[in-house]
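Chemist: Pasting a structure below so you can have a look.
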Amino acid sequence: MSFYTVSAGALNGLMLGGLYACMALGLSMVFGVMRFVNVAHGELLVLAAFLSFVFSTAFGLHPFIVVLILIPILFVFGYVVQRVLINPLMSAGLEPSLLTAFGLSIIAQNLFVEIWGGNTKSLNNNFSEMNVTLLGIDVPMLYVISFFVGIIVTLGVHLFITRTYTGRAIRAATQDAATAMVMGINVNRIYAITAAIGAATAALGGTLIGMTFSFTPTTGFPWLLKGFVVVVLGGMGNIFGTLAGGLLLGLSEGIGAAFVGTGYRDMVGFVIFLLVLMFRPNGLFGLKGSE
């Protein structure tokens, strides 16, 4: 095993980690605020990929242009689903909302098959065949773009949470929902806004997935599992931890693939996931008790 091979795997994996962080950010936010594991998050990613495919094919738009249309669409979609379907069940405990999310996931997968069929699709773009040379190593352009998009989106969400009134209300609802309600904060609305932001980030994550990889109606589940790995590594609900978890997962997969082959790169991530659950269940950057 040459040093160049390991270095190339590490650098490519690190760049891809930005995509991992971007696609898992919404999952982490929803859990951090509501303690609700949105198992339908993978289907949001696939929905974004399919809608991007439709707009790109029908109007000849580049996926990066289409995503500017998808972000507000999925924002509204996430808000409505949370406000109408999930919020009324939150007071009944975790099980009803979790089962509803499972049901939505199954319904979405079947709708995707009925509407778009079961064939594998990908988003055509002019970056897919381009490489960038970094430190003497060829890296796919889309990996580099994903890396910077992941950083920018994470910083943007962090600034929104820390610098705006709505962001402060979200943090208040996260720390103590009952006290936040007494102080005049509409917690149900805050939950819906949080879900909407999560869906908006999924629009970007799903588009990047569609541009970088192929996708099918059932692709959401593997990406959901990978999202769990990212948020557990970084600490559930920790925004910068999600970025760190994505980069760490990508780096680990890249190095692992260099040693054991690309066919086992997913196994490397899940092994790390199990080790973190065993020895640090609150995540590398999570607060004690978040497990």
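By convention in this document, the chains of the structure tokens carry letters A, B, ... by their order, each chain's residues are numbered from 1, and ligands are numbered from 1 in the order they are shown.
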Determine which residues of stretch 24-270 of chain A DSSP labels as strand (DSSP E) from the backbone of this structure, then write them out as a list in words.

Modeler: Asn131, Val132, Thr133, Leu134, Ile137, Asp138, Val139 and Pro140 of chain A

Chemist: Would you pick out the contacts of stretch 191-197 of chain A at 8 Å or less, using only C-alpha atoms, so that residues sharing its chain but fewer than 3 positions from it are not included, and give the list as a ChimeraX atom specification?

Modeler: /A:26,29-30,33-34,74-80,82-83,87,170,187-188,200-201

Chemist: With only C-alpha atoms as the atoms that count, which of A:Ser146, A:Ser56, A:Asn186, A:Thr242 lies nearest to A:Leu208?

Modeler: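 Checking each candidate against A:Leu208, we get A:Ser146 as the closest.
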
Chemist: Counting only C-alpha atoms, which residue out of A:Leu275, A:Leu284, A:Thr218, A:Asn238 sits closest to A:Arg171?

Modeler: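 Among the listed residues, A:Asn238 lies closest to A:Arg171.
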
Chemist: Find, counting only C-alpha atoms, the residue in A:Ile190, A:Phe160, A:Ile152, A:Gly269 that gets nearest to A:Ala173.

Modeler: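 Of A:Ile190, A:Phe160, A:Ile152, A:Gly269, the one nearest A:Ala173, counting only C-alpha atoms, is A:Ile190.
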
Chemist: With only C-alpha atoms as the atoms that count, which of A:Leu45, A:Ala40, A:Ala202, A:Ile272 lies nearest to A:Gly234?

Modeler: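 So, comparing all the options, the nearest one is A:Ile272.
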
Chemist: Pick the closest to A:Ser252 from A:Val230, A:Ile65, A:Met236, A:Ile73: which is it, counting only C-alpha atoms?

Modeler: A:Val230

Chemist: Between atom CA of A:Leu155 and atom CA of A:Gly235, what is the spacing in Å?

Modeler: 16.9 Å

Chemist: Out of stretch 19-264 of chain A, which residues get alpha helix (DSSP H) from DSSP, as number ranges by chain?

Modeler: A: 19-34, 41-59, 63-81, 87-90, 94-116, 141-163, 165-175, 177-182, 187-212, 220-234, 239-260

Chemist: Please provide the set of residues having any atom within 12 Å of A:Cys22, restricted to only C-alpha atoms, with same-chain residues fewer than 4 positions apart removed, written as a PyMOL selection string.

Modeler: chain A and resi 15-18+26-29+45+145-157+198-209+223+226-227+230-231+239-247

Chemist: Go ahead and save the residues from that selection, with N, CA and C atoms, as a short mmCIF file (atom, residue, chain, number, x, y, z; two decimals), in the first residue's frame.

Modeler:
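Saved file result.cif follows:
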data_model
loop_
_atom_site.label_atom_id
_atom_site.label_comp_id
_atom_site.auth_asym_id
_atom_site.auth_seq_id
_atom_site.Cartn_x
_atom_site.Cartn_y
_atom_site.Cartn_z
N MET A 15 -12.95 15.62 1.36
CA MET A 15 -13.76 16.50 0.52
C MET A 15 -15.21 16.01 0.45
N LEU A 16 -15.39 14.70 0.35
CA LEU A 16 -16.75 14.14 0.28
C LEU A 16 -17.48 14.32 1.60
N GLY A 17 -16.72 14.48 2.69
CA GLY A 17 -17.34 14.68 3.99
C GLY A 17 -18.22 15.91 4.06
N GLY A 18 -17.96 16.91 3.22
CA GLY A 18 -18.84 18.07 3.17
C GLY A 18 -20.24 17.71 2.73
N GLY A 26 -29.98 18.56 8.57
CA GLY A 26 -31.39 18.64 8.93
C GLY A 26 -31.79 17.58 9.93
N LEU A 27 -31.27 16.38 9.77
CA LEU A 27 -31.55 15.29 10.71
C LEU A 27 -31.07 15.66 12.11
N SER A 28 -29.88 16.24 12.18
CA SER A 28 -29.31 16.63 13.47
C SER A 28 -30.09 17.77 14.10
N MET A 29 -30.49 18.76 13.31
CA MET A 29 -31.24 19.90 13.85
C MET A 29 -32.57 19.47 14.45
N LEU A 45 -34.26 13.70 1.04
CA LEU A 45 -33.10 13.77 0.15
C LEU A 45 -33.43 13.23 -1.23
N ILE A 145 -16.59 20.92 -4.41
CA ILE A 145 -17.76 21.78 -4.26
C ILE A 145 -18.56 21.38 -3.01
N SER A 146 -18.76 20.08 -2.83
CA SER A 146 -19.51 19.59 -1.67
C SER A 146 -18.83 19.99 -0.36
N PHE A 147 -17.50 19.95 -0.34
CA PHE A 147 -16.75 20.31 0.85
C PHE A 147 -17.06 21.75 1.26
N PHE A 148 -16.98 22.66 0.32
CA PHE A 148 -17.21 24.07 0.64
C PHE A 148 -18.68 24.37 0.88
N VAL A 149 -19.57 23.67 0.17
CA VAL A 149 -21.00 23.85 0.42
C VAL A 149 -21.35 23.42 1.84
N GLY A 150 -20.79 22.28 2.27
CA GLY A 150 -21.04 21.81 3.63
C GLY A 150 -20.60 22.82 4.68
N ILE A 151 -19.44 23.43 4.47
CA ILE A 151 -18.93 24.43 5.42
C ILE A 151 -19.83 25.67 5.41
N ILE A 152 -20.18 26.14 4.21
CA ILE A 152 -20.98 27.37 4.09
C ILE A 152 -22.36 27.17 4.71
N VAL A 153 -23.00 26.04 4.43
CA VAL A 153 -24.34 25.78 4.97
C VAL A 153 -24.29 25.67 6.50
N THR A 154 -23.27 25.00 7.01
CA THR A 154 -23.14 24.88 8.47
C THR A 154 -22.96 26.24 9.12
N LEU A 155 -22.10 27.08 8.54
CA LEU A 155 -21.91 28.42 9.08
C LEU A 155 -23.19 29.25 8.98
N GLY A 156 -23.90 29.11 7.86
CA GLY A 156 -25.14 29.85 7.68
C GLY A 156 -26.19 29.48 8.72
N VAL A 157 -26.36 28.18 8.97
CA VAL A 157 -27.32 27.73 9.97
C VAL A 157 -26.89 28.19 11.37
N GLY A 198 -34.62 22.04 8.23
CA GLY A 198 -34.05 20.73 7.96
C GLY A 198 -34.39 20.24 6.56
N ALA A 199 -35.63 20.47 6.12
CA ALA A 199 -36.02 20.06 4.77
C ALA A 199 -35.31 20.90 3.72
N ALA A 200 -35.10 22.18 4.01
CA ALA A 200 -34.40 23.05 3.06
C ALA A 200 -32.96 22.60 2.87
N THR A 201 -32.29 22.22 3.96
CA THR A 201 -30.92 21.72 3.82
C THR A 201 -30.92 20.38 3.09
N ALA A 202 -31.99 19.60 3.26
CA ALA A 202 -32.10 18.33 2.53
C ALA A 202 -32.23 18.57 1.02
N ALA A 203 -32.82 19.70 0.64
CA ALA A 203 -32.91 20.04 -0.78
C ALA A 203 -31.53 20.18 -1.38
N LEU A 204 -30.64 20.81 -0.65
CA LEU A 204 -29.27 20.98 -1.12
C LEU A 204 -28.51 19.65 -1.06
N GLY A 205 -28.67 18.93 0.05
CA GLY A 205 -28.00 17.65 0.19
C GLY A 205 -28.44 16.64 -0.85
N GLY A 206 -29.76 16.58 -1.11
CA GLY A 206 -30.27 15.64 -2.11
C GLY A 206 -29.80 15.97 -3.51
N THR A 207 -29.71 17.25 -3.83
CA THR A 207 -29.21 17.65 -5.14
C THR A 207 -27.75 17.27 -5.32
N LEU A 208 -26.95 17.49 -4.28
CA LEU A 208 -25.54 17.09 -4.34
C LEU A 208 -25.40 15.58 -4.49
N ILE A 209 -26.24 14.83 -3.79
CA ILE A 209 -26.22 13.37 -3.92
C ILE A 209 -26.55 12.97 -5.35
N TRP A 223 -28.85 6.40 2.81
CA TRP A 223 -28.37 7.74 3.18
C TRP A 223 -28.85 8.13 4.57
N LYS A 226 -26.37 6.55 6.85
CA LYS A 226 -25.13 7.32 6.84
C LYS A 226 -25.30 8.63 7.61
N GLY A 227 -26.49 9.23 7.52
CA GLY A 227 -26.78 10.43 8.29
C GLY A 227 -26.74 10.16 9.78
N VAL A 230 -23.20 10.14 10.91
CA VAL A 230 -22.63 11.50 10.98
C VAL A 230 -23.06 12.19 12.27
N VAL A 231 -24.36 12.17 12.56
CA VAL A 231 -24.84 12.93 13.72
C VAL A 231 -24.44 12.27 15.03
N ILE A 239 -24.49 21.47 15.69
CA ILE A 239 -24.37 21.89 14.30
C ILE A 239 -22.94 21.72 13.80
N PHE A 240 -21.97 22.30 14.52
CA PHE A 240 -20.58 22.14 14.10
C PHE A 240 -20.11 20.70 14.28
N GLY A 241 -20.71 20.01 15.25
CA GLY A 241 -20.40 18.59 15.41
C GLY A 241 -20.83 17.78 14.20
N THR A 242 -21.94 18.18 13.57
CA THR A 242 -22.39 17.50 12.36
C THR A 242 -21.39 17.68 11.24
N LEU A 243 -20.87 18.90 11.09
CA LEU A 243 -19.83 19.13 10.08
C LEU A 243 -18.60 18.28 10.38
N ALA A 244 -18.16 18.29 11.64
CA ALA A 244 -16.99 17.50 12.02
C ALA A 244 -17.25 16.01 11.81
N GLY A 245 -18.47 15.55 12.14
CA GLY A 245 -18.81 14.15 11.95
C GLY A 245 -18.81 13.75 10.48
N GLY A 246 -19.31 14.64 9.62
CA GLY A 246 -19.30 14.35 8.19
C GLY A 246 -17.89 14.26 7.64
N LEU A 247 -17.05 15.22 8.04
CA LEU A 247 -15.67 15.21 7.56
C LEU A 247 -14.91 13.98 8.10
#

Chemist: Which residues are near A:Met141? Cut-off 6 Å, only C-alpha atoms, ignore same chain within fewer than 5 positions. Put them as a list in words.

Modeler: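 Here the qualifying residues turn out to be Met130, Asn131 and Val132 of chain A.
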
Chemist: How would the residues just chosen look if you wrote them out with all heavy atoms as a PDB file, in the first residue's frame?

Modeler:
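For reference, again-v6.pdb as written:
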ATOM      1  N   MET A 130     -15.071  16.568 -14.202  1.00  0.00           N
ATOM      2  CA  MET A 130     -13.958  17.477 -13.933  1.00  0.00           C
ATOM      3  C   MET A 130     -13.237  17.097 -12.646  1.00  0.00           C
ATOM      4  O   MET A 130     -13.870  16.678 -11.664  1.00  0.00           O
ATOM      5  CB  MET A 130     -14.467  18.922 -13.841  1.00  0.00           C
ATOM      6  CG  MET A 130     -15.101  19.443 -15.116  1.00  0.00           C
ATOM      7  SD  MET A 130     -15.845  21.089 -14.921  1.00  0.00           S
ATOM      8  CE  MET A 130     -14.402  22.054 -14.457  1.00  0.00           C
ATOM      9  N   ASN A 131     -11.921  17.245 -12.657  1.00  0.00           N
ATOM     10  CA  ASN A 131     -11.092  17.001 -11.479  1.00  0.00           C
ATOM     11  C   ASN A 131     -10.309  18.255 -11.129  1.00  0.00           C
ATOM     12  O   ASN A 131     -10.053  19.108 -11.983  1.00  0.00           O
ATOM     13  CB  ASN A 131     -10.120  15.843 -11.707  1.00  0.00           C
ATOM     14  CG  ASN A 131     -10.826  14.510 -11.794  1.00  0.00           C
ATOM     15  OD1 ASN A 131     -11.849  14.292 -11.156  1.00  0.00           O
ATOM     16  ND2 ASN A 131     -10.285  13.605 -12.599  1.00  0.00           N
ATOM     17  N   VAL A 132      -9.925  18.345  -9.873  1.00  0.00           N
ATOM     18  CA  VAL A 132      -9.075  19.426  -9.383  1.00  0.00           C
ATOM     19  C   VAL A 132      -7.846  18.784  -8.750  1.00  0.00           C
ATOM     20  O   VAL A 132      -7.964  17.790  -8.016  1.00  0.00           O
ATOM     21  CB  VAL A 132      -9.811  20.296  -8.352  1.00  0.00           C
ATOM     22  CG1 VAL A 132      -8.889  21.382  -7.813  1.00  0.00           C
ATOM     23  CG2 VAL A 132     -11.052  20.923  -8.965  1.00  0.00           C
TER      24      VAL A 132
END
